[in-house]
file start.cif (mmCIF, N, CA and C atoms)
data_run
#
loop_
_atom_site.label_atom_id
_atom_site.label_comp_id
_atom_site.auth_asym_id
_atom_site.auth_seq_id
_atom_site.Cartn_x
_atom_site.Cartn_y
_atom_site.Cartn_z
N MET P 1 -3.78 4.17 -14.54
CA MET P 1 -2.70 3.84 -15.44
C MET P 1 -2.01 5.14 -15.83
N GLU P 2 -0.75 5.24 -15.55
CA GLU P 2 -0.03 6.48 -15.78
C GLU P 2 0.65 6.48 -17.14
N LEU P 3 0.41 7.54 -17.88
CA LEU P 3 1.02 7.72 -19.20
C LEU P 3 1.81 9.01 -19.19
N ASN P 4 2.91 9.02 -19.95
CA ASN P 4 3.65 10.28 -20.08
C ASN P 4 2.94 11.19 -21.09
N ARG P 5 3.46 12.38 -21.29
CA ARG P 5 2.81 13.38 -22.14
C ARG P 5 2.61 12.88 -23.57
N VAL P 6 3.64 12.30 -24.17
CA VAL P 6 3.55 11.82 -25.56
C VAL P 6 2.58 10.65 -25.66
N GLU P 7 2.63 9.74 -24.70
CA GLU P 7 1.69 8.61 -24.69
C GLU P 7 0.24 9.09 -24.60
N LYS P 8 -0.01 10.11 -23.78
CA LYS P 8 -1.35 10.68 -23.67
C LYS P 8 -1.79 11.30 -25.00
N ILE P 9 -0.89 12.01 -25.65
CA ILE P 9 -1.21 12.63 -26.94
C ILE P 9 -1.56 11.56 -27.96
N VAL P 10 -0.73 10.53 -28.06
CA VAL P 10 -0.94 9.46 -29.03
C VAL P 10 -2.24 8.72 -28.71
N TYR P 11 -2.45 8.40 -27.46
CA TYR P 11 -3.67 7.68 -27.06
C TYR P 11 -4.92 8.49 -27.40
N ASN P 12 -4.90 9.76 -27.09
CA ASN P 12 -6.05 10.62 -27.40
C ASN P 12 -6.29 10.72 -28.90
N LEU P 13 -5.24 10.75 -29.70
CA LEU P 13 -5.40 10.76 -31.15
C LEU P 13 -6.05 9.46 -31.63
N LEU P 14 -5.62 8.34 -31.07
CA LEU P 14 -6.19 7.05 -31.46
C LEU P 14 -7.67 6.96 -31.07
N ILE P 15 -8.01 7.48 -29.91
CA ILE P 15 -9.40 7.44 -29.45
C ILE P 15 -10.29 8.29 -30.37
N LYS P 16 -9.80 9.44 -30.78
CA LYS P 16 -10.60 10.35 -31.60
C LYS P 16 -10.83 9.83 -33.00
N GLN P 17 -9.91 9.03 -33.51
CA GLN P 17 -10.02 8.53 -34.88
C GLN P 17 -10.87 7.27 -34.90
N LYS P 18 -11.66 7.13 -35.91
CA LYS P 18 -12.49 5.94 -36.07
C LYS P 18 -11.81 4.91 -36.98
N LYS P 19 -10.70 5.29 -37.55
CA LYS P 19 -9.97 4.41 -38.47
C LYS P 19 -8.55 4.20 -37.93
N PRO P 20 -7.92 3.12 -38.30
CA PRO P 20 -6.53 2.89 -37.88
C PRO P 20 -5.61 3.98 -38.43
N LEU P 21 -4.59 4.30 -37.65
CA LEU P 21 -3.61 5.30 -38.04
C LEU P 21 -2.23 4.67 -38.10
N SER P 22 -1.46 5.03 -39.11
CA SER P 22 -0.07 4.61 -39.15
C SER P 22 0.72 5.50 -38.19
N ALA P 23 1.92 5.10 -37.87
CA ALA P 23 2.75 5.91 -36.98
C ALA P 23 2.99 7.29 -37.60
N TYR P 24 3.13 7.34 -38.91
CA TYR P 24 3.36 8.63 -39.56
C TYR P 24 2.09 9.47 -39.63
N ASP P 25 0.93 8.84 -39.69
CA ASP P 25 -0.33 9.58 -39.56
C ASP P 25 -0.39 10.24 -38.18
N ILE P 26 -0.02 9.47 -37.17
CA ILE P 26 -0.03 9.98 -35.79
C ILE P 26 0.97 11.11 -35.65
N LEU P 27 2.15 10.94 -36.23
CA LEU P 27 3.17 11.98 -36.17
C LEU P 27 2.67 13.29 -36.78
N ALA P 28 2.00 13.21 -37.92
CA ALA P 28 1.47 14.40 -38.57
C ALA P 28 0.43 15.09 -37.68
N LEU P 29 -0.41 14.29 -37.03
CA LEU P 29 -1.45 14.86 -36.15
C LEU P 29 -0.86 15.39 -34.84
N ALA P 30 0.23 14.79 -34.39
CA ALA P 30 0.83 15.16 -33.11
C ALA P 30 1.74 16.38 -33.20
N LYS P 31 2.09 16.79 -34.41
CA LYS P 31 2.98 17.96 -34.56
C LYS P 31 2.40 19.20 -33.91
N ASP P 32 1.08 19.37 -33.97
CA ASP P 32 0.45 20.53 -33.34
C ASP P 32 0.67 20.55 -31.83
N ALA P 33 0.88 19.38 -31.25
CA ALA P 33 1.12 19.28 -29.82
C ALA P 33 2.61 19.30 -29.49
N GLY P 34 3.44 19.53 -30.51
CA GLY P 34 4.88 19.63 -30.29
C GLY P 34 5.66 18.34 -30.39
N VAL P 35 5.02 17.27 -30.82
CA VAL P 35 5.71 15.98 -30.97
C VAL P 35 6.15 15.85 -32.42
N LYS P 36 7.46 15.85 -32.64
CA LYS P 36 7.98 15.87 -34.01
C LYS P 36 8.97 14.75 -34.30
N SER P 37 9.08 13.80 -33.40
CA SER P 37 10.08 12.74 -33.53
C SER P 37 9.42 11.38 -33.73
N PRO P 38 9.69 10.71 -34.87
CA PRO P 38 9.13 9.36 -35.07
C PRO P 38 9.46 8.38 -33.95
N PRO P 39 10.70 8.37 -33.42
CA PRO P 39 10.97 7.42 -32.33
C PRO P 39 10.06 7.62 -31.11
N LEU P 40 9.71 8.88 -30.81
CA LEU P 40 8.80 9.13 -29.69
C LEU P 40 7.43 8.50 -29.94
N ILE P 41 6.95 8.60 -31.18
CA ILE P 41 5.66 8.01 -31.54
C ILE P 41 5.72 6.49 -31.41
N TYR P 42 6.79 5.89 -31.96
CA TYR P 42 6.92 4.43 -31.90
C TYR P 42 7.03 3.93 -30.46
N ARG P 43 7.78 4.64 -29.63
CA ARG P 43 7.88 4.25 -28.21
C ARG P 43 6.53 4.36 -27.51
N ALA P 44 5.80 5.43 -27.81
CA ALA P 44 4.48 5.60 -27.20
C ALA P 44 3.53 4.48 -27.64
N LEU P 45 3.55 4.14 -28.92
CA LEU P 45 2.69 3.06 -29.42
C LEU P 45 3.05 1.72 -28.77
N LYS P 46 4.33 1.46 -28.63
CA LYS P 46 4.78 0.21 -27.99
C LYS P 46 4.29 0.16 -26.54
N LYS P 47 4.40 1.27 -25.83
CA LYS P 47 3.95 1.32 -24.44
C LYS P 47 2.43 1.16 -24.35
N LEU P 48 1.69 1.84 -25.22
CA LEU P 48 0.24 1.72 -25.21
C LEU P 48 -0.20 0.28 -25.50
N ALA P 49 0.49 -0.37 -26.44
CA ALA P 49 0.18 -1.77 -26.75
C ALA P 49 0.50 -2.67 -25.55
N SER P 50 1.61 -2.41 -24.87
CA SER P 50 1.98 -3.25 -23.72
C SER P 50 0.99 -3.08 -22.57
N LYS P 51 0.32 -1.92 -22.51
CA LYS P 51 -0.67 -1.67 -21.46
C LYS P 51 -2.09 -2.02 -21.93
N HIS P 52 -2.19 -2.63 -23.11
CA HIS P 52 -3.47 -3.06 -23.68
C HIS P 52 -4.42 -1.89 -23.93
N LEU P 53 -3.84 -0.76 -24.32
CA LEU P 53 -4.64 0.42 -24.64
C LEU P 53 -4.73 0.64 -26.15
N ALA P 54 -3.88 -0.05 -26.90
CA ALA P 54 -3.86 0.09 -28.36
C ALA P 54 -3.49 -1.25 -28.98
N HIS P 55 -3.89 -1.42 -30.24
CA HIS P 55 -3.57 -2.63 -31.00
C HIS P 55 -2.90 -2.24 -32.30
N ARG P 56 -1.97 -3.08 -32.74
CA ARG P 56 -1.39 -2.91 -34.06
C ARG P 56 -2.10 -3.87 -35.00
N LEU P 57 -2.58 -3.33 -36.12
CA LEU P 57 -3.23 -4.15 -37.13
C LEU P 57 -2.24 -4.41 -38.25
N GLU P 58 -1.84 -5.66 -38.37
CA GLU P 58 -0.85 -6.05 -39.38
C GLU P 58 -1.33 -5.76 -40.80
N ALA P 59 -2.58 -6.08 -41.07
CA ALA P 59 -3.11 -5.95 -42.43
C ALA P 59 -3.08 -4.50 -42.93
N LEU P 60 -3.22 -3.56 -42.01
CA LEU P 60 -3.26 -2.15 -42.40
C LEU P 60 -2.00 -1.40 -41.98
N ASN P 61 -1.09 -2.07 -41.29
CA ASN P 61 0.11 -1.43 -40.76
C ASN P 61 -0.29 -0.17 -40.00
N GLY P 62 -1.28 -0.31 -39.13
CA GLY P 62 -1.78 0.82 -38.39
C GLY P 62 -2.14 0.44 -36.97
N TYR P 63 -2.56 1.43 -36.22
CA TYR P 63 -2.89 1.25 -34.81
C TYR P 63 -4.29 1.79 -34.53
N ILE P 64 -4.97 1.14 -33.59
CA ILE P 64 -6.27 1.62 -33.11
C ILE P 64 -6.27 1.55 -31.59
N ALA P 65 -7.12 2.37 -30.98
CA ALA P 65 -7.30 2.28 -29.53
C ALA P 65 -8.10 1.02 -29.24
N CYS P 66 -7.78 0.38 -28.15
CA CYS P 66 -8.50 -0.82 -27.75
C CYS P 66 -9.90 -0.43 -27.29
N GLN P 67 -10.90 -1.14 -27.80
CA GLN P 67 -12.28 -0.84 -27.43
C GLN P 67 -12.62 -1.36 -26.04
N ASP P 68 -11.90 -2.36 -25.60
CA ASP P 68 -12.10 -2.94 -24.27
C ASP P 68 -10.78 -2.78 -23.53
N HIS P 69 -10.39 -1.54 -23.32
CA HIS P 69 -9.03 -1.21 -22.91
C HIS P 69 -8.70 -1.56 -21.47
N GLY P 70 -7.39 -1.71 -21.28
CA GLY P 70 -6.86 -1.86 -19.94
C GLY P 70 -6.60 -3.28 -19.47
N HIS P 71 -7.07 -4.28 -20.19
CA HIS P 71 -6.76 -5.65 -19.76
C HIS P 71 -6.48 -6.52 -20.98
N GLN P 72 -5.72 -7.58 -20.72
CA GLN P 72 -5.33 -8.47 -21.80
C GLN P 72 -6.50 -9.37 -22.19
N HIS P 73 -6.70 -9.51 -23.49
CA HIS P 73 -7.72 -10.41 -23.99
C HIS P 73 -7.34 -10.83 -25.40
N GLN P 74 -8.03 -11.86 -25.89
CA GLN P 74 -7.76 -12.32 -27.25
C GLN P 74 -8.32 -11.28 -28.23
N HIS P 75 -7.58 -11.02 -29.28
CA HIS P 75 -7.96 -9.96 -30.20
C HIS P 75 -8.43 -10.54 -31.54
N HIS P 76 -9.63 -10.15 -31.94
CA HIS P 76 -10.18 -10.53 -33.23
C HIS P 76 -10.70 -9.27 -33.88
N PHE P 77 -10.25 -9.02 -35.10
CA PHE P 77 -10.63 -7.78 -35.77
C PHE P 77 -11.26 -8.08 -37.12
N PHE P 78 -12.36 -7.41 -37.39
CA PHE P 78 -12.99 -7.47 -38.69
C PHE P 78 -12.67 -6.13 -39.36
N ILE P 79 -11.96 -6.19 -40.48
CA ILE P 79 -11.43 -4.98 -41.13
C ILE P 79 -12.03 -4.84 -42.52
N CYS P 80 -12.66 -3.70 -42.76
CA CYS P 80 -13.21 -3.43 -44.09
C CYS P 80 -12.06 -3.01 -45.00
N GLN P 81 -11.90 -3.73 -46.09
CA GLN P 81 -10.82 -3.44 -47.03
C GLN P 81 -11.08 -2.18 -47.84
N ASN P 82 -12.31 -1.71 -47.83
CA ASN P 82 -12.64 -0.52 -48.61
C ASN P 82 -12.49 0.77 -47.78
N CYS P 83 -13.20 0.85 -46.67
CA CYS P 83 -13.20 2.09 -45.87
C CYS P 83 -12.31 2.01 -44.62
N HIS P 84 -11.75 0.84 -44.34
CA HIS P 84 -10.85 0.59 -43.21
C HIS P 84 -11.51 0.72 -41.84
N THR P 85 -12.82 0.59 -41.81
CA THR P 85 -13.51 0.51 -40.53
C THR P 85 -13.09 -0.78 -39.84
N VAL P 86 -12.91 -0.72 -38.54
CA VAL P 86 -12.46 -1.89 -37.78
C VAL P 86 -13.45 -2.15 -36.65
N PHE P 87 -13.87 -3.42 -36.54
CA PHE P 87 -14.72 -3.86 -35.44
C PHE P 87 -13.91 -4.86 -34.63
N GLU P 88 -13.74 -4.58 -33.33
CA GLU P 88 -13.01 -5.48 -32.44
C GLU P 88 -14.01 -6.41 -31.77
N ASP P 89 -13.69 -7.69 -31.78
CA ASP P 89 -14.58 -8.70 -31.21
C ASP P 89 -13.76 -9.63 -30.32
N ASP P 90 -14.33 -10.06 -29.23
CA ASP P 90 -13.66 -11.08 -28.43
C ASP P 90 -14.63 -12.22 -28.11
N SER P 91 -15.15 -12.78 -29.18
CA SER P 91 -16.12 -13.86 -29.10
C SER P 91 -15.57 -15.04 -28.29
N ASN P 92 -16.34 -15.46 -27.31
CA ASN P 92 -15.93 -16.63 -26.52
C ASN P 92 -15.86 -17.89 -27.36
N ASN P 93 -16.74 -18.02 -28.36
CA ASN P 93 -16.72 -19.21 -29.21
C ASN P 93 -15.38 -19.34 -29.93
N LEU P 94 -14.89 -18.24 -30.48
CA LEU P 94 -13.62 -18.27 -31.19
C LEU P 94 -12.47 -18.53 -30.22
N ASN P 95 -12.51 -17.89 -29.07
CA ASN P 95 -11.48 -18.12 -28.05
C ASN P 95 -11.45 -19.58 -27.61
N GLN P 96 -12.62 -20.16 -27.41
CA GLN P 96 -12.70 -21.56 -26.99
C GLN P 96 -12.19 -22.49 -28.08
N ALA P 97 -12.49 -22.19 -29.34
CA ALA P 97 -12.00 -23.02 -30.45
C ALA P 97 -10.47 -22.98 -30.52
N ILE P 98 -9.90 -21.82 -30.31
CA ILE P 98 -8.44 -21.69 -30.32
C ILE P 98 -7.84 -22.47 -29.16
N GLN P 99 -8.43 -22.33 -27.98
CA GLN P 99 -7.92 -23.05 -26.81
C GLN P 99 -8.01 -24.56 -27.00
N GLU P 100 -9.13 -25.03 -27.54
CA GLU P 100 -9.31 -26.47 -27.76
C GLU P 100 -8.32 -26.99 -28.79
N SER P 101 -8.15 -26.27 -29.87
CA SER P 101 -7.21 -26.69 -30.90
C SER P 101 -5.78 -26.71 -30.37
N SER P 102 -5.43 -25.70 -29.60
CA SER P 102 -4.07 -25.67 -29.05
C SER P 102 -3.86 -26.81 -28.06
N ARG P 103 -4.90 -27.14 -27.28
CA ARG P 103 -4.80 -28.26 -26.34
C ARG P 103 -4.62 -29.57 -27.09
N LEU P 104 -5.42 -29.79 -28.14
CA LEU P 104 -5.33 -31.02 -28.92
C LEU P 104 -3.97 -31.17 -29.61
N ASN P 105 -3.38 -30.05 -29.97
CA ASN P 105 -2.08 -30.07 -30.66
C ASN P 105 -0.91 -29.85 -29.72
N GLN P 106 -1.19 -29.84 -28.43
CA GLN P 106 -0.17 -29.62 -27.41
C GLN P 106 0.67 -28.39 -27.74
N PHE P 107 -0.05 -27.29 -27.98
CA PHE P 107 0.57 -26.03 -28.36
C PHE P 107 0.20 -24.98 -27.33
N HIS P 108 1.20 -24.27 -26.84
CA HIS P 108 0.96 -23.21 -25.86
C HIS P 108 0.83 -21.87 -26.59
N VAL P 109 -0.36 -21.28 -26.55
CA VAL P 109 -0.61 -19.99 -27.21
C VAL P 109 -0.16 -18.87 -26.29
N LYS P 110 0.73 -18.03 -26.77
CA LYS P 110 1.17 -16.87 -26.00
C LYS P 110 0.38 -15.63 -26.37
N ARG P 111 -0.03 -15.58 -27.62
CA ARG P 111 -0.77 -14.41 -28.10
C ARG P 111 -1.53 -14.79 -29.35
N SER P 112 -2.74 -14.31 -29.46
CA SER P 112 -3.55 -14.62 -30.64
C SER P 112 -4.20 -13.33 -31.14
N ILE P 113 -3.91 -13.00 -32.38
CA ILE P 113 -4.54 -11.85 -33.03
C ILE P 113 -5.07 -12.33 -34.37
N ILE P 114 -6.37 -12.21 -34.55
CA ILE P 114 -6.99 -12.65 -35.80
C ILE P 114 -7.53 -11.42 -36.51
N GLU P 115 -7.15 -11.27 -37.77
CA GLU P 115 -7.63 -10.17 -38.58
C GLU P 115 -8.40 -10.74 -39.76
N VAL P 116 -9.69 -10.43 -39.80
CA VAL P 116 -10.57 -10.92 -40.86
C VAL P 116 -10.83 -9.75 -41.80
N LEU P 117 -10.46 -9.94 -43.07
CA LEU P 117 -10.62 -8.88 -44.06
C LEU P 117 -11.86 -9.12 -44.89
N GLY P 118 -12.57 -8.06 -45.20
CA GLY P 118 -13.78 -8.17 -46.01
C GLY P 118 -14.37 -6.80 -46.23
N LEU P 119 -15.69 -6.76 -46.38
CA LEU P 119 -16.40 -5.49 -46.60
C LEU P 119 -17.46 -5.29 -45.51
N CYS P 120 -17.50 -4.09 -44.95
CA CYS P 120 -18.53 -3.77 -43.95
C CYS P 120 -19.89 -3.64 -44.66
N SER P 121 -20.95 -3.52 -43.87
CA SER P 121 -22.29 -3.46 -44.45
C SER P 121 -22.48 -2.25 -45.36
N LEU P 122 -21.84 -1.13 -45.03
CA LEU P 122 -21.99 0.06 -45.89
C LEU P 122 -21.26 -0.08 -47.21
N CYS P 123 -20.14 -0.80 -47.22
CA CYS P 123 -19.35 -0.95 -48.45
C CYS P 123 -19.82 -2.11 -49.32
N GLN P 124 -20.72 -2.93 -48.82
CA GLN P 124 -21.23 -4.05 -49.60
C GLN P 124 -22.25 -3.59 -50.64
N VAL P 125 -22.74 -2.39 -50.50
CA VAL P 125 -23.79 -1.88 -51.40
C VAL P 125 -23.21 -1.54 -52.75
#
call {"tool": "encode", "arguments": {"input": "start.cif", "output": "structure tokens"}}
result
Amino acid sequence: MELNRVEKIVYNLLIKQKKPLSAYDILALAKDAGVKSPPLIYRALKKLASKHLAHRLEALNGYIACQDHGHQHQHHFFICQNCHTVFEDDSNNLNQAIQESSRLNQFHVKRSIIEVLGLCSLCQV
């Protein structure tokens, strides 16, 4: 999978971080590599998402690297509201329930992203 220089920089920043990053977080980190333009960051994020290398998390308005990168799959995220740790899951049970419900309702699913908010085991203490 071929990425341009800015896409590689953004992807590597996402991989190194354990927490979601906003586009402006990425911009601040990418300045050392000479990337100083918000539109370049947004274009890189859009391209990474289209290649299934990154995900946008609506609840946090941030991006993370895909843990099962490179192919399209249903996205389910468990997000800690305290520390913002994110666990990506692609449970077959949940996928099957969505498929069955869409079939029963004669609904064609084009994309499914589920974000479950709560507290991780460390923050529950």
call {"tool": "closest_residue", "arguments": {"input": "start.cif", "among": "P:Ser37, P:Leu3, P:Lys51, P:Cys83", "to": "Gly118 in chain P", "atoms": "all atoms listed in the file"}}
result
P:Cys83
call {"tool": "resolve_selection", "arguments": {"input": "start.cif", "expression": "the PyMOL selection byres (((chain P and resi 105-113 and name CA) around 8) and name CA)", "output": "list in words"}}
result
Gln74, His75, His76, Phe77, Gln99, Ser101, Ser102, Arg103, Leu104, Ile114 and Glu115 of chain P
call {"tool": "residues_around", "arguments": {"input": "start.cif", "residues": "Ser22 in chain P", "least_positions_apart": "6", "cutoff": "7 Å", "atoms": "only C-alpha atoms", "output": "VMD selection string"}}
result
chain P and resid 61 to 63
call {"tool": "resolve_selection", "arguments": {"input": "start.cif", "expression": "the PyMOL selection byres ((chain P and resi 88) around 6)", "output": "tab-separated table (two decimals) with N, CA and C atoms, in the coordinates of the input"}}
result
chain	number	residue	atom	x	y	z
P	76	HIS	N	-9.63	-10.15	-31.94
P	76	HIS	CA	-10.18	-10.53	-33.23
P	76	HIS	C	-10.70	-9.27	-33.88
P	77	PHE	N	-10.25	-9.02	-35.10
P	77	PHE	CA	-10.63	-7.78	-35.77
P	77	PHE	C	-11.26	-8.08	-37.12
P	78	PHE	N	-12.36	-7.41	-37.39
P	78	PHE	CA	-12.99	-7.47	-38.69
P	78	PHE	C	-12.67	-6.13	-39.36
P	86	VAL	N	-12.91	-0.72	-38.54
P	86	VAL	CA	-12.46	-1.89	-37.78
P	86	VAL	C	-13.45	-2.15	-36.65
P	87	PHE	N	-13.87	-3.42	-36.54
P	87	PHE	CA	-14.72	-3.86	-35.44
P	87	PHE	C	-13.91	-4.86	-34.63
P	89	ASP	N	-13.69	-7.69	-31.78
P	89	ASP	CA	-14.58	-8.70	-31.21
P	89	ASP	C	-13.76	-9.63	-30.32
P	90	ASP	N	-14.33	-10.06	-29.23
P	90	ASP	CA	-13.66	-11.08	-28.43
P	90	ASP	C	-14.63	-12.22	-28.11
call {"tool": "resolve_selection", "arguments": {"input": "start.cif", "expression": "the PyMOL selection byres ((chain P and resi 41-50) around 7)", "output": "short mmCIF file (atom, residue, chain, number, x, y, z; two decimals) with N, CA and C atoms, in the coordinates of the input"}}
result
data_model
loop_
_atom_site.label_atom_id
_atom_site.label_comp_id
_atom_site.auth_asym_id
_atom_site.auth_seq_id
_atom_site.Cartn_x
_atom_site.Cartn_y
_atom_site.Cartn_z
N VAL P 6 3.64 12.30 -24.17
CA VAL P 6 3.55 11.82 -25.56
C VAL P 6 2.58 10.65 -25.66
N GLU P 7 2.63 9.74 -24.70
CA GLU P 7 1.69 8.61 -24.69
C GLU P 7 0.24 9.09 -24.60
N VAL P 10 -0.73 10.53 -28.06
CA VAL P 10 -0.94 9.46 -29.03
C VAL P 10 -2.24 8.72 -28.71
N ALA P 23 1.92 5.10 -37.87
CA ALA P 23 2.75 5.91 -36.98
C ALA P 23 2.99 7.29 -37.60
N ILE P 26 -0.02 9.47 -37.17
CA ILE P 26 -0.03 9.98 -35.79
C ILE P 26 0.97 11.11 -35.65
N LEU P 27 2.15 10.94 -36.23
CA LEU P 27 3.17 11.98 -36.17
C LEU P 27 2.67 13.29 -36.78
N SER P 37 9.08 13.80 -33.40
CA SER P 37 10.08 12.74 -33.53
C SER P 37 9.42 11.38 -33.73
N PRO P 38 9.69 10.71 -34.87
CA PRO P 38 9.13 9.36 -35.07
C PRO P 38 9.46 8.38 -33.95
N PRO P 39 10.70 8.37 -33.42
CA PRO P 39 10.97 7.42 -32.33
C PRO P 39 10.06 7.62 -31.11
N LEU P 40 9.71 8.88 -30.81
CA LEU P 40 8.80 9.13 -29.69
C LEU P 40 7.43 8.50 -29.94
N LYS P 51 0.32 -1.92 -22.51
CA LYS P 51 -0.67 -1.67 -21.46
C LYS P 51 -2.09 -2.02 -21.93
N HIS P 52 -2.19 -2.63 -23.11
CA HIS P 52 -3.47 -3.06 -23.68
C HIS P 52 -4.42 -1.89 -23.93
N LEU P 53 -3.84 -0.76 -24.32
CA LEU P 53 -4.64 0.42 -24.64
C LEU P 53 -4.73 0.64 -26.15
N ALA P 54 -3.88 -0.05 -26.90
CA ALA P 54 -3.86 0.09 -28.36
C ALA P 54 -3.49 -1.25 -28.98
N HIS P 55 -3.89 -1.42 -30.24
CA HIS P 55 -3.57 -2.63 -31.00
C HIS P 55 -2.90 -2.24 -32.30
N ARG P 56 -1.97 -3.08 -32.74
CA ARG P 56 -1.39 -2.91 -34.06
C ARG P 56 -2.10 -3.87 -35.00
#
call {"tool": "axis_aligned_box", "arguments": {"input": "start.cif", "around": "range 1-20 of chain P", "padding_each_side": "5 Å", "output": "JSON"}}
result
{"center_x": -4.4, "center_y": 8.1, "center_z": -26.5, "size_x": 26.1, "size_y": 20.5, "size_z": 33.9}
call {"tool": "atom_distance", "arguments": {"input": "start.cif", "atom1": "CA of Val116 in chain P", "atom2": "CA of Leu21 in chain P"}}
result
17.9 Å
call {"tool": "atom_distance", "arguments": {"input": "start.cif", "atom1": "CA of Lys18 in chain P", "atom2": "atom N of Thr85 in chain P"}}
result
7.9 Å
call {"tool": "select_by_dssp", "arguments": {"input": "start.cif", "residues": "chain P", "states": "strand (DSSP E)", "output": "list in words"}}
result
Ala54, His55, Arg56, Leu57, Gly62, Tyr63, Ile64, Ala65, His75, His76, Phe77, Phe78, Ile79, Cys80, Val86, Phe87, Glu88, Asp89, Ile113, Ile114, Glu115, Val116, Leu117 and Gly118 of chain P
call {"tool": "atom_distance", "arguments": {"input": "start.cif", "atom1": "CA of Cys80 in chain P", "atom2": "atom N of Ile64 in chain P"}}
result
14.1 Å
call {"tool": "closest_residue", "arguments": {"input": "start.cif", "among": "P:Pro20, P:Glu2, P:Leu94, P:Tyr11", "to": "Leu60 in chain P", "atoms": "only N, CA and C atoms"}}
result
P:Pro20
call {"tool": "select_by_dssp", "arguments": {"input": "start.cif", "residues": "range 1-116 of chain P", "states": "helix (DSSP H, G or I)", "output": "PyMOL selection string"}}
result
chain P and resi 5-16+23-33+38-50+92-104
